[in-house]
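Engineer: So that you have it, the file is input-v2.pdb, and it contains PDB, C-alpha atoms:
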ATOM      1  CA  MET A   2     141.204 -70.518 126.515
ATOM      2  CA  SER A   3     144.769 -70.851 127.778
ATOM      3  CA  PHE A   4     146.885 -73.914 128.460
ATOM      4  CA  ASP A   5     149.648 -74.522 130.955
ATOM      5  CA  PRO A   6     153.086 -75.640 129.729
ATOM      6  CA  ASN A   7     152.049 -79.301 129.990
ATOM      7  CA  PHE A   8     149.004 -78.679 127.784
ATOM      8  CA  LYS A   9     146.442 -79.659 130.382
ATOM      9  CA  ILE A  10     142.957 -78.400 129.624
ATOM     10  CA  PRO A  11     141.485 -76.468 132.563
ATOM     11  CA  ALA A  12     138.490 -78.125 134.218
ATOM     12  CA  HIS A  13     136.440 -74.932 133.987
ATOM     13  CA  THR A  14     136.855 -74.952 130.185
ATOM     14  CA  ARG A  15     135.394 -78.440 129.945
ATOM     15  CA  ILE A  16     132.488 -77.447 132.187
ATOM     16  CA  GLN A  17     131.856 -74.272 130.205
ATOM     17  CA  PHE A  18     131.835 -76.198 126.920
ATOM     18  CA  GLN A  19     129.353 -78.760 128.317
ATOM     19  CA  ASP A  20     127.058 -76.060 129.729
ATOM     20  CA  THR A  21     127.188 -73.973 126.565
ATOM     21  CA  PHE A  22     126.418 -76.971 124.365
ATOM     22  CA  MET A  23     123.460 -77.957 126.557
ATOM     23  CA  ALA A  24     122.101 -74.415 126.350
ATOM     24  CA  ALA A  25     122.489 -74.431 122.568
ATOM     25  CA  ILE A  26     120.500 -77.680 122.328
ATOM     26  CA  GLN A  27     117.642 -76.132 124.292
ATOM     27  CA  GLN A  28     117.628 -72.950 122.214
ATOM     28  CA  ASN A  29     118.112 -74.410 118.722
ATOM     29  CA  GLU A  30     115.340 -76.077 116.764
ATOM     30  CA  ALA A  31     115.516 -78.721 114.063
ATOM     31  CA  LYS A  32     112.975 -78.128 111.307
ATOM     32  CA  PHE A  33     111.091 -81.416 111.478
ATOM     33  CA  ALA A  34     112.215 -82.904 114.765
ATOM     34  CA  ASN A  35     110.596 -80.097 116.719
ATOM     35  CA  THR A  36     107.165 -80.763 115.181
ATOM     36  CA  THR A  37     106.693 -83.868 117.338
ATOM     37  CA  ASN A  38     105.294 -84.629 120.773
ATOM     38  CA  VAL A  39     108.221 -84.894 123.185
ATOM     39  CA  GLU A  40     107.588 -87.700 125.668
ATOM     40  CA  SER A  41     109.219 -86.794 128.970
ATOM     41  CA  GLN A  42     108.782 -90.404 130.174
ATOM     42  CA  TRP A  43     111.082 -91.718 127.431
ATOM     43  CA  THR A  44     114.059 -92.330 129.700
ATOM     44  CA  ALA A  45     115.310 -95.725 128.456
ATOM     45  CA  LYS A  46     116.589 -96.928 125.097
ATOM     46  CA  GLN A  47     113.206 -98.414 124.091
ATOM     47  CA  TYR A  48     109.966 -96.565 124.648
ATOM     48  CA  VAL A  49     106.566 -98.229 124.271
ATOM     49  CA  LYS A  50     103.477 -96.137 123.688
ATOM     50  CA  ARG A  51      99.960 -97.491 124.065
ATOM     51  CA  MET A  52      97.771 -96.313 121.211
ATOM     52  CA  ARG A  53      94.524 -94.769 122.345
ATOM     53  CA  ASP A  54      91.128 -95.970 121.256
ATOM     54  CA  THR A  55      87.859 -94.089 120.774
ATOM     55  CA  ILE A  56      85.334 -94.934 123.471
ATOM     56  CA  GLN A  57      81.838 -95.127 121.993
ATOM     57  CA  TRP A  58      78.880 -93.570 123.779
ATOM     58  CA  ARG A  59      75.225 -94.533 123.474
ATOM     59  CA  ILE A  60      71.851 -93.239 124.593
ATOM     60  CA  ASN A  61      70.344 -95.240 127.442
ATOM     61  CA  ASN A  62      67.294 -93.753 129.110
ATOM     62  CA  ALA A  63      66.195 -97.071 130.605
ATOM     63  CA  ARG A  64      65.623 -97.336 134.326
ATOM     64  CA  PHE A  65      67.798 -99.971 135.936
ATOM     65  CA  GLY A  66      69.098-102.700 133.641
ATOM     66  CA  LYS A  67      72.495-104.303 133.166
ATOM     67  CA  THR A  68      75.680-102.396 132.434
ATOM     68  CA  ASN A  69      77.328-103.666 129.272
ATOM     69  CA  ALA A  70      81.068-103.263 128.966
ATOM     70  CA  ARG A  71      83.868-104.384 126.719
ATOM     71  CA  GLU A  72      87.487-105.058 127.490
ATOM     72  CA  PHE A  73      89.789-102.142 126.747
ATOM     73  CA  GLU A  74      91.985-103.066 123.820
ATOM     74  CA  ALA A  75      94.701-100.973 122.282
ATOM     75  CA  GLY A  76      97.729-101.533 120.141
ATOM     76  CA  PHE A  77     101.287-100.610 120.911
ATOM     77  CA  ARG A  78     104.024 -98.751 119.089
ATOM     78  CA  SER A  79     107.638 -98.562 120.130
ATOM     79  CA  GLY A  80     110.820 -96.783 119.199
ATOM     80  CA  PHE A  81     114.463 -96.806 120.171
ATOM     81  CA  TRP A  82     117.100 -94.268 121.010
ATOM     82  CA  GLN A  83     119.905 -93.866 118.556
ATOM     83  CA  LEU A  84     123.383 -93.113 119.839
ATOM     84  CA  LEU A  85     124.541 -89.965 118.069
ATOM     85  CA  GLU A  86     128.067 -88.653 117.865
ATOM     86  CA  ALA A  87     129.512 -85.578 116.245
ATOM     87  CA  GLU A  88     132.404 -85.858 113.857
ATOM     88  CA  ALA A  89     135.438 -84.989 115.945
ATOM     89  CA  ILE A  90     137.072 -81.618 115.350
ATOM     90  CA  LYS A  91     140.826 -81.288 115.711
ATOM     91  CA  PHE A  92     142.930 -78.217 116.437
ATOM     92  CA  ASP A  93     146.672 -77.928 116.219
ATOM     93  CA  ARG A  94     148.227 -77.199 119.606
ATOM     94  CA  ALA A  95     149.501 -73.911 118.196
ATOM     95  CA  ASP A  96     146.009 -72.661 117.226
ATOM     96  CA  GLN A  97     145.508 -70.760 120.441
ATOM     97  CA  LYS A  98     143.064 -68.241 118.951
ATOM     98  CA  LEU A  99     140.871 -70.998 117.580
ATOM     99  CA  LEU A 100     141.012 -72.983 120.804
ATOM    100  CA  ASP A 101     139.742 -69.946 122.697
ATOM    101  CA  THR A 102     136.464 -70.153 120.748
ATOM    102  CA  ILE A 103     135.588 -73.731 121.732
ATOM    103  CA  PRO A 104     133.204 -72.900 124.616
ATOM    104  CA  VAL A 105     131.878 -69.647 123.098
ATOM    105  CA  PRO A 106     128.148 -69.879 122.189
ATOM    106  CA  THR A 107     128.677 -67.979 118.936
ATOM    107  CA  GLY A 108     131.920 -69.782 118.082
ATOM    108  CA  SER A 109     132.274 -72.054 115.081
ATOM    109  CA  VAL A 110     132.581 -75.240 117.158
ATOM    110  CA  ILE A 111     129.219 -74.897 118.912
ATOM    111  CA  GLN A 112     127.488 -73.555 115.806
ATOM    112  CA  ASP A 113     128.799 -76.260 113.475
ATOM    113  CA  MET A 114     128.025 -79.062 115.922
ATOM    114  CA  MET A 115     124.467 -77.793 116.437
ATOM    115  CA  SER A 116     123.861 -77.501 112.694
ATOM    116  CA  GLY A 117     125.031 -81.074 112.189
ATOM    117  CA  LEU A 118     122.925 -82.347 115.090
ATOM    118  CA  ASN A 119     119.777 -80.665 113.772
ATOM    119  CA  ARG A 120     120.328 -82.136 110.305
ATOM    120  CA  MET A 121     120.772 -85.587 111.835
ATOM    121  CA  ARG A 122     117.569 -85.279 113.881
ATOM    122  CA  ASP A 123     115.634 -84.187 110.791
ATOM    123  CA  ASP A 124     117.005 -87.168 108.862
ATOM    124  CA  MET A 125     115.859 -89.475 111.656
ATOM    125  CA  PHE A 126     112.413 -87.892 111.682
ATOM    126  CA  LEU A 127     111.990 -88.252 107.917
ATOM    127  CA  ALA A 128     113.095 -91.885 108.118
ATOM    128  CA  ALA A 129     110.513 -92.524 110.852
ATOM    129  CA  ALA A 130     107.834 -90.893 108.692
ATOM    130  CA  VAL A 131     108.085 -93.556 105.974
ATOM    131  CA  ALA A 132     109.679 -96.568 107.686
ATOM    132  CA  PRO A 133     107.798 -99.639 108.942
ATOM    133  CA  SER A 134     106.452 -99.083 112.431
ATOM    134  CA  LEU A 135     107.279-101.360 115.373
ATOM    135  CA  GLY A 136     104.607-102.758 117.666
ATOM    136  CA  GLY A 137     102.567-105.908 118.193
ATOM    137  CA  ALA A 138     103.004-108.082 121.263
ATOM    138  CA  ASP A 139     105.768-107.802 123.836
ATOM    139  CA  PRO A 140     108.651-106.941 123.129
ATOM    140  CA  TYR A 141     106.822-104.648 120.653
ATOM    141  CA  VAL A 142     109.242-104.988 117.757
ATOM    142  CA  THR A 143     106.986-106.572 115.111
ATOM    143  CA  PRO A 144     107.316-104.436 111.969
ATOM    144  CA  SER A 145     104.288-103.129 110.065
ATOM    145  CA  PRO A 146     104.856-101.532 106.646
ATOM    146  CA  PHE A 147     103.761 -98.005 105.898
ATOM    147  CA  PRO A 148     100.146 -98.303 104.656
ATOM    148  CA  THR A 149      99.929 -97.961 100.879
ATOM    149  CA  GLU A 150      96.588 -96.171 101.155
ATOM    150  CA  ASN A 151      98.470 -93.311 102.793
ATOM    151  CA  ILE A 152     100.599 -92.739  99.705
ATOM    152  CA  ILE A 153      99.217 -90.262  97.174
ATOM    153  CA  PRO A 154     100.159 -91.498  93.668
ATOM    154  CA  VAL A 155     102.944 -89.553  91.989
ATOM    155  CA  ASN A 156     100.676 -89.271  88.925
ATOM    156  CA  TYR A 157      97.581 -88.124  90.850
ATOM    157  CA  VAL A 158      95.780 -85.415  88.872
ATOM    158  CA  LYS A 159      92.537 -84.292  90.523
ATOM    159  CA  PRO A 160      89.181 -85.732  91.631
ATOM    160  CA  GLY A 161      87.115 -87.172  88.824
ATOM    161  CA  VAL A 162      90.000 -87.258  86.353
ATOM    162  CA  GLY A 163      91.943 -90.268  87.571
ATOM    163  CA  LEU A 164      95.663 -90.665  87.060
ATOM    164  CA  GLY A 165      97.849 -88.878  84.553
ATOM    165  CA  ALA A 166     101.552 -88.340  84.032
ATOM    166  CA  ASN A 167     103.990 -88.025  86.909
ATOM    167  CA  SER A 168     103.948 -84.557  88.399
ATOM    168  CA  GLY A 169     105.578 -82.441  91.015
ATOM    169  CA  LEU A 170     103.615 -80.950  93.880
ATOM    170  CA  THR A 171     100.225 -79.685  92.720
ATOM    171  CA  VAL A 172      97.312 -78.073  94.483
ATOM    172  CA  TRP A 173      95.307 -81.239  93.787
ATOM    173  CA  LYS A 174      97.772 -83.357  95.741
ATOM    174  CA  LEU A 175      97.411 -80.921  98.625
ATOM    175  CA  MET A 176      93.626 -81.125  98.384
ATOM    176  CA  LYS A 177      93.857 -84.927  98.367
ATOM    177  CA  ALA A 178      96.018 -84.839 101.500
ATOM    178  CA  LYS A 179      93.667 -82.509 103.348
ATOM    179  CA  THR A 180      90.635 -84.561 102.308
ATOM    180  CA  HIS A 181      92.339 -87.690 103.650
ATOM    181  CA  PHE A 182      92.816 -86.124 107.081
ATOM    182  CA  GLU A 183      89.205 -84.956 107.162
ATOM    183  CA  GLN A 184      87.966 -88.427 106.192
ATOM    184  CA  GLN A 185      89.968 -89.860 109.087
ATOM    185  CA  GLU A 186      87.960 -87.542 111.366
ATOM    186  CA  ILE A 187      91.071 -85.668 112.432
ATOM    187  CA  ASP A 188      89.959 -82.464 114.114
ATOM    188  CA  LEU A 189      91.744 -79.836 112.033
ATOM    189  CA  ASP A 190      90.645 -77.148 114.496
ATOM    190  CA  ARG A 191      92.888 -78.796 117.088
ATOM    191  CA  GLU A 192      95.552 -80.579 115.081
ATOM    192  CA  GLU A 193      98.122 -78.571 113.153
ATOM    193  CA  LEU A 194      98.784 -79.827 109.634
ATOM    194  CA  ILE A 195     102.423 -79.748 108.544
ATOM    195  CA  LEU A 196     103.763 -80.114 105.009
ATOM    196  CA  GLY A 197     107.392 -80.964 104.272
ATOM    197  CA  ILE A 198     108.587 -80.058 100.775
ATOM    198  CA  SER A 199     111.823 -79.124  99.034
ATOM    199  CA  PRO A 200     112.530 -75.876  97.145
ATOM    200  CA  ASP A 201     111.721 -77.749  93.899
ATOM    201  CA  GLU A 202     108.134 -78.399  94.979
ATOM    202  CA  LYS A 203     107.735 -74.807  96.064
ATOM    203  CA  THR A 204     108.853 -73.671  92.613
ATOM    204  CA  GLN A 205     106.480 -76.169  90.949
ATOM    205  CA  LEU A 206     103.530 -74.741  92.887
ATOM    206  CA  LEU A 207     104.426 -71.233  91.772
ATOM    207  CA  LEU A 208     104.757 -72.235  88.110
ATOM    208  CA  ASP A 209     101.394 -74.011  88.169
ATOM    209  CA  ALA A 210      99.734 -71.038  89.828
ATOM    210  CA  GLU A 211     101.173 -68.591  87.299
ATOM    211  CA  ALA A 212      99.988 -70.796  84.434
ATOM    212  CA  ALA A 213      96.427 -70.697  85.791
ATOM    213  CA  SER A 214      96.436 -67.304  87.467
ATOM    214  CA  ASN A 215      92.683 -66.794  87.013
ATOM    215  CA  SER A 216      91.788 -69.945  88.921
ATOM    216  CA  ALA A 217      90.545 -69.551  92.470
ATOM    217  CA  TRP A 218      93.134 -71.995  93.808
ATOM    218  CA  ALA A 219      95.960 -70.191  91.978
ATOM    219  CA  LYS A 220      95.088 -66.940  93.717
ATOM    220  CA  ILE A 221      95.320 -68.716  97.071
ATOM    221  CA  VAL A 222      98.748 -70.132  96.220
ATOM    222  CA  LEU A 223     100.070 -66.817  94.874
ATOM    223  CA  LYS A 224      98.853 -64.996  97.970
ATOM    224  CA  TRP A 225     100.632 -67.522 100.163
ATOM    225  CA  PHE A 226     103.865 -67.048  98.205
ATOM    226  CA  GLU A 227     103.663 -63.313  98.696
ATOM    227  CA  VAL A 228     103.361 -63.668 102.461
ATOM    228  CA  TYR A 229     105.691 -66.661 102.926
ATOM    229  CA  GLU A 230     108.518 -65.293 100.800
ATOM    230  CA  GLY A 231     108.017 -61.943 102.463
ATOM    231  CA  GLY A 232     109.375 -63.473 105.656
ATOM    232  CA  ASN A 233     106.334 -64.915 107.432
ATOM    233  CA  ARG A 234     107.360 -68.574 107.708
ATOM    234  CA  GLU A 235     104.281 -69.302 109.792
ATOM    235  CA  ALA A 236     101.948 -68.469 106.893
ATOM    236  CA  LYS A 237      99.786 -71.497 106.081
ATOM    237  CA  LEU A 238      99.155 -72.906 102.639
ATOM    238  CA  MET A 239      95.636 -74.352 102.434
ATOM    239  CA  GLY A 240      95.824 -75.089 106.158
ATOM    240  CA  PHE A 241      99.361 -76.512 106.123
ATOM    241  CA  LYS A 242     102.338 -75.070 107.926
ATOM    242  CA  VAL A 243     105.100 -75.445 105.344
ATOM    243  CA  ILE A 244     108.641 -76.638 106.106
ATOM    244  CA  THR A 245     111.103 -76.306 103.241
ATOM    245  CA  SER A 246     114.063 -78.673 103.413
ATOM    246  CA  ASN A 247     116.623 -80.425 101.242
ATOM    247  CA  ARG A 248     116.635 -83.456 103.572
ATOM    248  CA  LEU A 249     113.603 -85.203 102.058
ATOM    249  CA  ASN A 250     114.065 -88.753 100.767
ATOM    250  CA  GLU A 251     114.716 -89.023  97.029
ATOM    251  CA  ASP A 252     114.739 -92.169  94.900
ATOM    252  CA  GLU A 253     118.181 -92.462  93.307
ATOM    253  CA  THR A 254     116.791 -94.238  90.236
ATOM    254  CA  THR A 255     113.652 -92.269  89.415
ATOM    255  CA  GLY A 256     114.454 -88.969  91.101
ATOM    256  CA  VAL A 257     111.012 -88.971  92.716
ATOM    257  CA  ARG A 258     111.089 -87.115  96.017
ATOM    258  CA  THR A 259     108.889 -88.116  98.951
ATOM    259  CA  CYS A 260     107.238 -85.093 100.492
ATOM    260  CA  VAL A 261     105.290 -85.619 103.709
ATOM    261  CA  ALA A 262     102.109 -84.268 105.252
ATOM    262  CA  TYR A 263     101.346 -85.008 108.895
ATOM    263  CA  THR A 264     100.058 -83.769 112.211
ATOM    264  CA  LYS A 265     102.222 -83.155 115.248
ATOM    265  CA  LYS A 266     100.390 -85.846 117.221
ATOM    266  CA  ALA A 267     101.448 -88.481 114.682
ATOM    267  CA  PHE A 268     104.985 -88.723 116.081
ATOM    268  CA  CYS A 269     106.626 -89.351 119.411
ATOM    269  CA  SER A 270     110.157 -88.220 120.203
ATOM    270  CA  ALA A 271     112.509 -88.491 123.141
ATOM    271  CA  PRO A 272     113.978 -85.570 125.043
ATOM    272  CA  MET A 273     117.612 -84.989 124.158
ATOM    273  CA  SER A 274     119.576 -87.020 126.691
ATOM    274  CA  GLY A 275     123.012 -88.467 127.279
ATOM    275  CA  VAL A 276     124.530 -85.214 126.078
ATOM    276  CA  GLU A 277     128.270 -85.346 126.661
ATOM    277  CA  THR A 278     131.091 -83.199 125.371
ATOM    278  CA  LYS A 279     134.798 -84.029 125.320
ATOM    279  CA  ILE A 280     137.968 -81.988 124.893
ATOM    280  CA  ASP A 281     140.963 -84.313 124.725
ATOM    281  CA  ILE A 282     144.671 -84.062 124.016
ATOM    282  CA  LEU A 283     146.008 -86.643 121.568
ATOM    283  CA  PRO A 284     149.696 -87.223 122.327
ATOM    284  CA  THR A 285     150.076 -89.533 119.326
ATOM    285  CA  ASP A 286     148.945 -86.703 117.002
ATOM    286  CA  ARG A 287     151.508 -84.177 118.204
ATOM    287  CA  HIS A 288     149.243 -83.205 121.095
ATOM    288  CA  THR A 289     146.386 -82.177 118.838
ATOM    289  CA  ILE A 290     143.312 -80.955 120.691
ATOM    290  CA  GLN A 291     140.219 -83.000 119.768
ATOM    291  CA  VAL A 292     136.654 -81.820 120.442
ATOM    292  CA  ALA A 293     133.765 -84.302 120.360
ATOM    293  CA  ALA A 294     130.133 -84.535 121.453
ATOM    294  CA  TYR A 295     127.604 -87.328 122.005
ATOM    295  CA  ALA A 296     123.851 -87.551 122.596
ATOM    296  CA  ASP A 297     120.881 -89.936 122.638
ATOM    297  CA  TRP A 298     117.686 -89.246 120.709
ATOM    298  CA  GLY A 299     114.857 -91.148 119.070
ATOM    299  CA  CYS A 300     111.629 -90.624 117.156
ATOM    300  CA  PHE A 301     108.906 -92.912 115.813
ATOM    301  CA  ARG A 302     105.549 -92.792 114.066
ATOM    302  CA  VAL A 303     102.574 -93.530 116.306
ATOM    303  CA  PHE A 304      99.442 -92.887 114.219
ATOM    304  CA  ASP A 305      99.594 -93.979 110.590
ATOM    305  CA  GLU A 306      96.365 -92.223 109.649
ATOM    306  CA  MET A 307      97.982 -88.904 110.509
ATOM    307  CA  VAL A 308     100.910 -89.272 108.087
ATOM    308  CA  LEU A 309     100.833 -89.109 104.288
ATOM    309  CA  GLN A 310     103.539 -89.609 101.713
ATOM    310  CA  ILE A 311     103.295 -87.312  98.687
ATOM    311  CA  PRO A 312     105.690 -88.512  95.964
ATOM    312  CA  CYS A 313     106.674 -85.679  93.618
ATOM    313  CA  ASP A 314     108.572 -85.877  90.348
ATOM    314  CA  PRO A 315     110.630 -82.671  89.997
ATOM    315  CA  THR A 316     111.238 -83.355  86.292
ATOM    316  CA  PRO A 317     108.023 -84.858  84.895
TER     317      PRO A 317
END
Could I get this file's structure written as structure tokens?
Structural biologist:
Amino acid sequence: MSFDPNFKIPAHTRIQFQDTFMAAIQQNEAKFANTTNVESQWTAKQYVKRMRDTIQWRINNARFGKTNAREFEAGFRSGFWQLLEAEAIKFDRADQKLLDTIPVPTGSVIQDMMSGLNRMRDDMFLAAAVAPSLGGADPYVTPSPFPTENIIPVNYVKPGVGLGANSGLTVWKLMKAKTHFEQQEIDLDREELILGISPDEKTQLLLDAEAASNSAWAKIVLKWFEVYEGGNREAKLMGFKVITSNRLNEDETTGVRTCVAYTKKAFCSAPMSGVETKIDILPTDRHTIQVAAYADWGCFRVFDEMVLQIPCDPTP
């Protein structure tokens, strides 16, 4: 990118930066944020979603008779856009070589901004996974806490044993999570199960499996490790697609980390909108070139029964 003697930024450079950034948004994927249902109708700051209800059927072989009906009732959930902005990047007016990379798709500006945006979207998703939901009557902002029955105890051991000492991620916590979804009559042939853990929980699973290598479940876990660490990130662990991330919520006092298990249908997200990029000259900063970007995005939990918290103690 070149500048005229008065340091005016060419219009085509601004357009190229905007177009390149938009293309990068469409091609890049956040780990968690992309495992949601994107609602194309979410075009305003608040979006209200009517929760569906199961319509019961009955056998009625009678001839004639009266049709019995009930009023359709359904709850509501809502979420809001958040206004996102990238931390501004500044270049000295003399950094011509660096300035030339601003609109380049593989340049550091685009790459760093996209990495930061994806981390922010994942943080917002993980907050929505455990935060109180909004709904109720119009204007649909009555908070409801995350249901405690959807939290697997950090000291859960296995069926028939009860509770023990705090533990990290174990196969029994995974079995408890899968059993919960099945008891909620979630069709696992149609709904993809997703598990969000950190590298610590992955290590804990491996250590437990090695300590009980002759157990049937340990062989399943060890086989998954072989495939997953071999590069197949789509390999499923006991039916779960696994996402490994360091963005999971962690209690500062206890160190307990909140892993999550959920289905894609459980969440609703907005399309990325309001995307705007800026390249400005700051005369008060010795004509420094400042690059900034803005966007709107939101995500909220719709179906509580499809989301589980799995607290894990990495140092039990």
Engineer: Counting only C-alpha atoms, which residue out of A:Ala87, A:Leu175, A:Glu211, A:Ile280 sits closest to A:Leu238?
Structural biologist: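 Of A:Ala87, A:Leu175, A:Glu211, A:Ile280, the one nearest A:Leu238, counting only C-alpha atoms, is A:Leu175.
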Engineer: What's the 10 Å shell around stretch 307-313 of chain A, counting only C-alpha atoms, without same-chain residues fewer than 2 positions away, as a ChimeraX atom specification?
Structural biologist: /A:130-131,147-157,167-171,174-175,177-179,181-182,185,187,192,194-199,201-202,205,250-252,256-268,302-305,315-317
Engineer: Would you write out, as a Markdown table, a table of all residues in stretch 97-175 of chain A that have an atom no more than 8 Å from an atom of stretch 20-29 of chain A, listing for each the closest atom pair and the distance in Å to one decimal, considering all atoms listed in the file and ordering rows by chain and rising residue number?
Structural biologist:
| residue | atom | partner | partner_atom | distance |
| --- | --- | --- | --- | --- |
| A:Pro104 | CA | A:Thr21 | CA | 6.4 |
| A:Val105 | CA | A:Thr21 | CA | 7.3 |
| A:Pro106 | CA | A:Thr21 | CA | 6.1 |
| A:Ile111 | CA | A:Phe22 | CA | 6.5 |
| A:Met115 | CA | A:Ile26 | CA | 7.1 |
Engineer: Take the residues from that selection and write them out as a compact mmCIF listing (two decimals), in the frame of the given file, keeping C-alpha atoms.
Structural biologist:
# COMPACT_ATOMS: atom_id res chain seq x y z
CA PRO A 104 133.20 -72.90 124.62
CA VAL A 105 131.88 -69.65 123.10
CA PRO A 106 128.15 -69.88 122.19
CA ILE A 111 129.22 -74.90 118.91
CA MET A 115 124.47 -77.79 116.44
Engineer: Exactly which residues make up the result of the PyMOL selection byres ((chain A and resi 121) around 10) on this file, given as a list in words?
Structural biologist: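 Matching residues under the PyMOL selection byres ((chain A and resi 121) around 10) are Ala31, Ala34, Leu85, Glu86, Ala87, Met115, Ser116, Gly117, Leu118, Asn119, Arg120, Arg122, Asp123, Asp124, Met125, Phe126, Leu127 and Arg248 of chain A.
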Engineer: Using all atoms listed in the file, find the one residue out of A:Trp173, A:Trp225, A:Ser270, A:Pro144 that sits nearest to A:Gly161.
Structural biologist: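 Closest residue, counting all atoms listed in the file: A:Trp173.
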Engineer: Could you please give me, as a list in words, the residues of protein, DNA or RNA lying at most 6 Å from (110.5, -82.5, 122.8) in the coordinate frame of the file, considering all atoms listed in the file?
Structural biologist: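 Final list of nearby residues, as requested, is Asn38, Val39 and Pro272 of chain A.
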Engineer: Please produce an output containing C-alpha atoms for each residue in the selection, written as a compact mmCIF listing (two decimals), keeping the file's coordinate frame.
Structural biologist:
# COMPACT_ATOMS: atom_id res chain seq x y z
CA ASN A 38 105.29 -84.63 120.77
CA VAL A 39 108.22 -84.89 123.18
CA PRO A 272 113.98 -85.57 125.04
Engineer: Quick one, how far is atom CA of A:Ile103 from atom CA of A:Leu84?
Structural biologist: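 Atom CA of A:Ile103 sits 23.0 Å away from atom CA of A:Leu84.
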Engineer: What does the structure give for the distance between atom CA of A:Asp281 and atom CA of A:Ile90, in Å to one decimal?
Structural biologist: 10.5 Å
Engineer: Could you tell me, as JSON, numbers by chain, which residues have any atom at most 6 Å from (98.9, -99.9, 123.1), counting only C-alpha atoms?
Structural biologist: {"A": [50, 51, 52, 75, 76, 77]}
Engineer: Hey, could you patch up stretch 163-175 of chain A with N, CA and C atoms and hand it over as an mmCIF file, keeping the file's coordinate frame?
Structural biologist:
data_model
loop_
_atom_site.group_PDB
_atom_site.id
_atom_site.type_symbol
_atom_site.label_atom_id
_atom_site.label_comp_id
_atom_site.auth_asym_id
_atom_site.auth_seq_id
_atom_site.Cartn_x
_atom_site.Cartn_y
_atom_site.Cartn_z
ATOM 1 N N GLY A 163 91.153 -89.042 87.509
ATOM 2 C CA GLY A 163 91.943 -90.268 87.571
ATOM 3 C C GLY A 163 93.418 -89.967 87.661
ATOM 4 N N LEU A 164 94.215 -90.813 87.010
ATOM 5 C CA LEU A 164 95.663 -90.665 87.060
ATOM 6 C C LEU A 164 96.186 -90.179 85.717
ATOM 7 N N GLY A 165 97.250 -89.394 85.774
ATOM 8 C CA GLY A 165 97.849 -88.878 84.553
ATOM 9 C C GLY A 165 99.336 -89.153 84.535
ATOM 10 N N ALA A 166 100.095 -88.212 84.036
ATOM 11 C CA ALA A 166 101.552 -88.340 84.032
ATOM 12 C C ALA A 166 102.116 -87.957 85.395
ATOM 13 N N ASN A 167 103.325 -88.425 85.673
ATOM 14 C CA ASN A 167 103.990 -88.025 86.909
ATOM 15 C C ASN A 167 104.044 -86.504 87.007
ATOM 16 N N SER A 168 103.930 -86.009 88.210
ATOM 17 C CA SER A 168 103.948 -84.557 88.399
ATOM 18 C C SER A 168 104.674 -84.214 89.679
ATOM 19 N N GLY A 169 105.023 -82.957 89.777
ATOM 20 C CA GLY A 169 105.578 -82.441 91.015
ATOM 21 C C GLY A 169 104.446 -82.178 91.994
ATOM 22 N N LEU A 170 104.666 -81.271 92.922
ATOM 23 C CA LEU A 170 103.615 -80.950 93.880
ATOM 24 C C LEU A 170 102.574 -80.066 93.204
ATOM 25 N N THR A 171 101.316 -80.466 93.286
ATOM 26 C CA THR A 171 100.225 -79.685 92.720
ATOM 27 C C THR A 171 99.204 -79.378 93.802
ATOM 28 N N VAL A 172 98.359 -78.420 93.533
ATOM 29 C CA VAL A 172 97.312 -78.073 94.483
ATOM 30 C C VAL A 172 96.364 -79.237 94.696
ATOM 31 N N TRP A 173 96.222 -80.104 93.666
ATOM 32 C CA TRP A 173 95.307 -81.239 93.787
ATOM 33 C C TRP A 173 95.875 -82.299 94.724
ATOM 34 N N LYS A 174 97.175 -82.438 94.766
ATOM 35 C CA LYS A 174 97.772 -83.357 95.741
ATOM 36 C C LYS A 174 97.576 -82.822 97.161
ATOM 37 N N LEU A 175 97.651 -81.513 97.308
ATOM 38 C CA LEU A 175 97.411 -80.921 98.625
ATOM 39 C C LEU A 175 95.951 -81.110 99.042
#
